[in-house]
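Let me begin by presenting the structure, written as structure tokens, before commenting on it.
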Amino acid sequence: MIDPTFLELLVCPASKQPLREATAAELAAVNRAIAAGSAKNRGGTAVTSAWVAALATKDGSWLYPIQDEIPILLSSEAVAAVSR
């Protein structure tokens with residue numbers, strides 16, 4: 001879990017939308033896509049490792065991975081949200 005005060009400062013580097021913690025359903029959907037081999041990040045690279053946590057844009061369109069408790073806020077690392 002990310003400190004709420006810190007989370008208030010974070011925005012999507014592409015759209016500048018505020019970020020929020022991804023829901024369990026959003027995380028499960030992206031992990032299903034990763035397991036199926038269909039998840040690619042915005043940079044076009046296949047995502048091959050399951051995510052433990054993520055941040056989502058306010059509108060839920062994009063997810064950013066959190067690795068070792070560090071949000072990876074590089075636009076190229078974002079994955080489009082998958083319908084649940």
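Note on naming: chains are A, B, ... as they come in the structure tokens, residues start from 1 per chain, ligands start from 1 in the order shown.
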
Point to revise | Selection near range 36-43 of chain A, 7 Å with only C-alpha atoms, sequence-local residues under 2 positions removed, as a PyMOL selection string | key: chain A and resi 32-34+45-47+75-79

Expected file: the selected residues, N, CA and C atoms, as an mmCIF file, in the first residue's frame:
```cif
data_model
loop_
_atom_site.group_PDB
_atom_site.id
_atom_site.type_symbol
_atom_site.label_atom_id
_atom_site.label_comp_id
_atom_site.auth_asym_id
_atom_site.auth_seq_id
_atom_site.Cartn_x
_atom_site.Cartn_y
_atom_site.Cartn_z
ATOM 1 N N ARG A 32 -4.435 -11.826 -15.924
ATOM 2 C CA ARG A 32 -4.965 -12.818 -16.876
ATOM 3 C C ARG A 32 -4.406 -12.556 -18.269
ATOM 4 N N ALA A 33 -4.336 -11.287 -18.660
ATOM 5 C CA ALA A 33 -3.782 -10.938 -19.975
ATOM 6 C C ALA A 33 -2.296 -11.294 -20.044
ATOM 7 N N ILE A 34 -1.575 -11.066 -18.955
ATOM 8 C CA ILE A 34 -0.150 -11.424 -18.919
ATOM 9 C C ILE A 34 -0.002 -12.937 -19.064
ATOM 10 N N THR A 45 6.327 -3.606 -25.730
ATOM 11 C CA THR A 45 7.014 -4.784 -25.207
ATOM 12 C C THR A 45 6.023 -5.692 -24.484
ATOM 13 N N ALA A 46 6.146 -6.977 -24.725
ATOM 14 C CA ALA A 46 5.283 -7.938 -24.035
ATOM 15 C C ALA A 46 5.596 -7.931 -22.545
ATOM 16 N N VAL A 47 4.554 -7.950 -21.743
ATOM 17 C CA VAL A 47 4.709 -8.034 -20.290
ATOM 18 C C VAL A 47 4.597 -9.511 -19.929
ATOM 19 N N SER A 75 5.910 6.309 -18.967
ATOM 20 C CA SER A 75 4.788 6.174 -19.890
ATOM 21 C C SER A 75 4.870 4.883 -20.692
ATOM 22 N N SER A 76 6.071 4.507 -21.098
ATOM 23 C CA SER A 76 6.244 3.306 -21.925
ATOM 24 C C SER A 76 5.929 2.015 -21.170
ATOM 25 N N GLU A 77 5.893 2.054 -19.838
ATOM 26 C CA GLU A 77 5.632 0.863 -19.036
ATOM 27 C C GLU A 77 4.144 0.654 -18.736
ATOM 28 N N ALA A 78 3.314 1.624 -19.051
ATOM 29 C CA ALA A 78 1.874 1.517 -18.782
ATOM 30 C C ALA A 78 1.237 0.444 -19.665
ATOM 31 N N VAL A 79 0.247 -0.230 -19.109
ATOM 32 C CA VAL A 79 -0.515 -1.249 -19.833
ATOM 33 C C VAL A 79 -1.964 -0.783 -19.866
#
```

Point to revise | Long-range neighbours of range 17-28 of chain A as a ChimeraX atom specification, 7 Å cut-off, only C-alpha atoms, 3 positions minimum in chain | key: /A:10-12,31-32,53-58,84

Output the selection as an mmCIF file, in the first residue's frame - C-alpha atoms for each residue.
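New file part.cif:
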```cif
data_model
loop_
_atom_site.group_PDB
_atom_site.id
_atom_site.type_symbol
_atom_site.label_atom_id
_atom_site.label_comp_id
_atom_site.auth_asym_id
_atom_site.auth_seq_id
_atom_site.Cartn_x
_atom_site.Cartn_y
_atom_site.Cartn_z
ATOM 1 C CA LEU A 10 1.346 11.117 -8.328
ATOM 2 C CA VAL A 11 -0.038 11.658 -11.817
ATOM 3 C CA CYS A 12 0.092 9.769 -15.085
ATOM 4 C CA ASN A 31 -2.618 -10.660 -14.771
ATOM 5 C CA ARG A 32 -4.965 -12.818 -16.876
ATOM 6 C CA ALA A 53 0.323 -4.220 -7.345
ATOM 7 C CA ALA A 54 -0.378 -1.361 -9.722
ATOM 8 C CA LEU A 55 -1.562 2.209 -9.976
ATOM 9 C CA ALA A 56 -4.418 3.149 -12.293
ATOM 10 C CA THR A 57 -5.288 6.426 -13.933
ATOM 11 C CA LYS A 58 -8.348 8.123 -12.485
ATOM 12 C CA ARG A 84 -12.840 -7.600 -16.513
#
```

Revision key, fill the gap. note - CA of Val30 in chain A and CA of Thr5 in chain A are separated by 26.1 Å

Practice item. Please run DSSP on the backbone and report, as a list in words, all residues within chain A that come out as strand (DSSP E or B). Key: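 Listing strand (DSSP E or B) positions across chain A yields Val11, Pro18, Leu19, Arg20, Glu21, Lys40, Asn41, Ala46, Ala53, Ala54, Leu55, Ala56, Thr57, Trp62, Leu63, Tyr64, Pro65, Ile66, Gln67, Ile70, Pro71, Val79 and Ala80 of chain A.
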
Okay, now the selection with C-alpha atoms, as a compact mmCIF listing (two decimals), in the first residue's frame?
```txt
# COMPACT_ATOMS: atom_id res chain seq x y z
CA VAL A 11 -0.04 11.66 -11.82
CA PRO A 18 -4.33 11.59 -10.88
CA LEU A 19 -3.41 8.02 -10.03
CA ARG A 20 -5.09 5.65 -7.59
CA GLU A 21 -4.32 2.15 -6.40
CA LYS A 40 1.88 -5.36 -24.02
CA ASN A 41 2.96 -2.11 -22.51
CA ALA A 46 5.28 -7.94 -24.03
CA ALA A 53 0.32 -4.22 -7.34
CA ALA A 54 -0.38 -1.36 -9.72
CA LEU A 55 -1.56 2.21 -9.98
CA ALA A 56 -4.42 3.15 -12.29
CA THR A 57 -5.29 6.43 -13.93
CA TRP A 62 -4.03 2.71 -17.94
CA LEU A 63 -2.20 0.75 -15.27
CA TYR A 64 1.35 1.28 -14.04
CA PRO A 65 3.18 -1.54 -12.27
CA ILE A 66 4.49 -1.28 -8.73
CA GLN A 67 7.68 -3.31 -8.34
CA ILE A 70 8.19 1.39 -6.17
CA PRO A 71 5.70 2.76 -8.73
CA VAL A 79 -0.52 -1.25 -19.83
CA ALA A 80 -3.97 -0.50 -21.16
```

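Interatomic distance, CA of Val82 in chain A against CA of Gly60 in chain A: 9.5 Å.
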
Exercise for review: Take CA of Lys16 in chain A and CA of Ser61 in chain A and report the distance between them in Å, one decimal.
Suggested key: 12.6 Å

Point to revise | DSSP alpha helix (DSSP H) selection over chain A, as a list in words | key: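 Matching residues for alpha helix (DSSP H) in chain A are Pro4, Thr5, Phe6, Leu7, Ala24, Ala25, Glu26, Leu27, Ala28, Ala29, Val30, Asn31, Arg32, Ala33, Ile34, Ala35 and Ala36 of chain A.
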